[in-house]
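Contents: one structure, followed by commentary.
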Protein chains: 2
Amino acid sequence: MSNLKLRELPVIEPEVVPCCPPVTSAALSEEDSVKMAAMFKALADPVRLRLFSRVASHEGGEACVCDIQDVGVSQPTVSHHLKKLREAGLLASERRGTWVYYRVEPGVLAAMAGLLATAR
Amino acid sequence: MSNLKLRELPVIEPEVVPCCPPVTSAALSEEDSVKMAAMFKALADPVRLRLFSRVASHEGGEACVCDIQDVGVSQPTVSHHLKKLREAGLLASERRGTWVYYRVEPGVLAAMAGLLATAR
DNA sequence: CACCTGCTTCGACGTCTGTCAATACAGGAG
DNA sequence: CTCCTGTATTGACAGACGTCGAAGCAGGTG
């Protein structure tokens with residue numbers, strides 16, 4: 001391991017994924033509407049929303065499944081929902097030993113908020 | 001302190017409905033997650049998204065059903081989706097003569113965007 | 001009144017989705 | 001290796017959802 005001097009690189013803001021234009025700017029294309037709908041659908045379930053917020057608000061920016069799985073549904077169901085959130089690009093997961101940790105994929109939230117931007 | 005002649009009142013932003021705290025701030029309560037999920041669910045369909053964006057981007061801020069109903073599904077289906085959007089509090093409708101006009105319910109979009117606010 | 005147009009409601013149908021129990025898999029401990 | 005714990009996958013099932021055609025209703029026109 002070299003004594004490599006890690007200067008901090010100026011981090012360019014992980015540019016908010018420009019999936020689609022804001023809903024208010026113009027009539028959405030068929031294609032864009034499908035993409036956007038998929039993102040909203042991922043958050044359109046109470047259980048998923050709770051899981052997501054638990055990960056998002058967890059210290060260190062990540063949470064092990066065992067930390068957040070107490071949301072009133074069975075363990076397989078929790079796993080199912082986490083998979084959906086992963087597939088939607090909202091969460092990322094990593095296995096470390098026995099446990100699997102989830103963290104919020106950076107940028108996505110801001111991107112979604114941008115879709116709702118009021119033209120005003 | 002006012003040489004402020006009432007030509008135009010300084011418009012206070014129609015305070016964004018504070019339905020729930022942002023997803024990132026803390027673990028969502030069961031109740032809040034249900035409310036939020038309902039709002040996202042309303043936008044979690046391509047057809048609804050297109051209808052909504054057509055209303056939102058229409059000149060004058062409102063659109064008659066006949067202006068926006070060409071989205072590839074039957075007319076009853078359009079009506080069905082508009083009803084959902086109405087029930088979700090995203091659109092308001094008003095009948096004027098033969099036609100029914102829809103407009104975006106003010107504030108809701110900003111409110112939803114607020115739910116996605118990144119703590120950063 | 002009868003007729004037409006714009007929109008909504010009804011009823012039915014197929015597909016999608018959330019849920020669970022059972023099972024499988026991965027990794028650490030003994 | 002065997003056992004145990006944490007997580008994912010499978011399979012099944014009920015209920016929710018998007019869609020349509022048909023019928024209903026509201027308002028304008030003659």
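Chain labels follow the order of the structure tokens: the first chain is A, the next B, and so on; residue numbering restarts at 1 in every chain, and ligands are counted from 1 in their shown order.
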
I need the contact residues of chain B against chain D, so if you could list those with any atom within 12 Å, counting only C-alpha atoms (C1' of nucleotides), and return them as number ranges by chain, that would help.
B: 41-42, 44-48, 72-81, 84, 95-100

Find the nearest atom pair between each residue of chain C and chain A for residues within 10 Å, count only C-alpha atoms (C1' of nucleotides), give distances in Å to one decimal, sort rows by chain and ascending number, and present the table as a tab-separated table.
```
residue	atom	partner	partner_atom	distance
C:DG18	C1'	A:Thr77	CA	7.9
C:DT19	C1'	A:Thr77	CA	6.7
C:DC20	C1'	A:Ser74	CA	7.3
C:DA21	C1'	A:Pro76	CA	9.6
C:DA26	C1'	A:Thr98	CA	7.4
C:DG27	C1'	A:Thr98	CA	5.4
C:DG28	C1'	A:Thr98	CA	7.3
```

Pairwise distance, atom CA of B:Arg103 with atom CA of B:Glu62, equals 4.4 Å

Near chain B, which residues of chain A fall within 9 Å when you count only C-alpha atoms, and what do they look like as number ranges by chain?
A: 22-58, 71, 107, 109-110, 112-118

For the structure I just gave you, how does DSSP split chain A - specifically, which residues are strand (DSSP E)? Reply as a count of residues only.
15
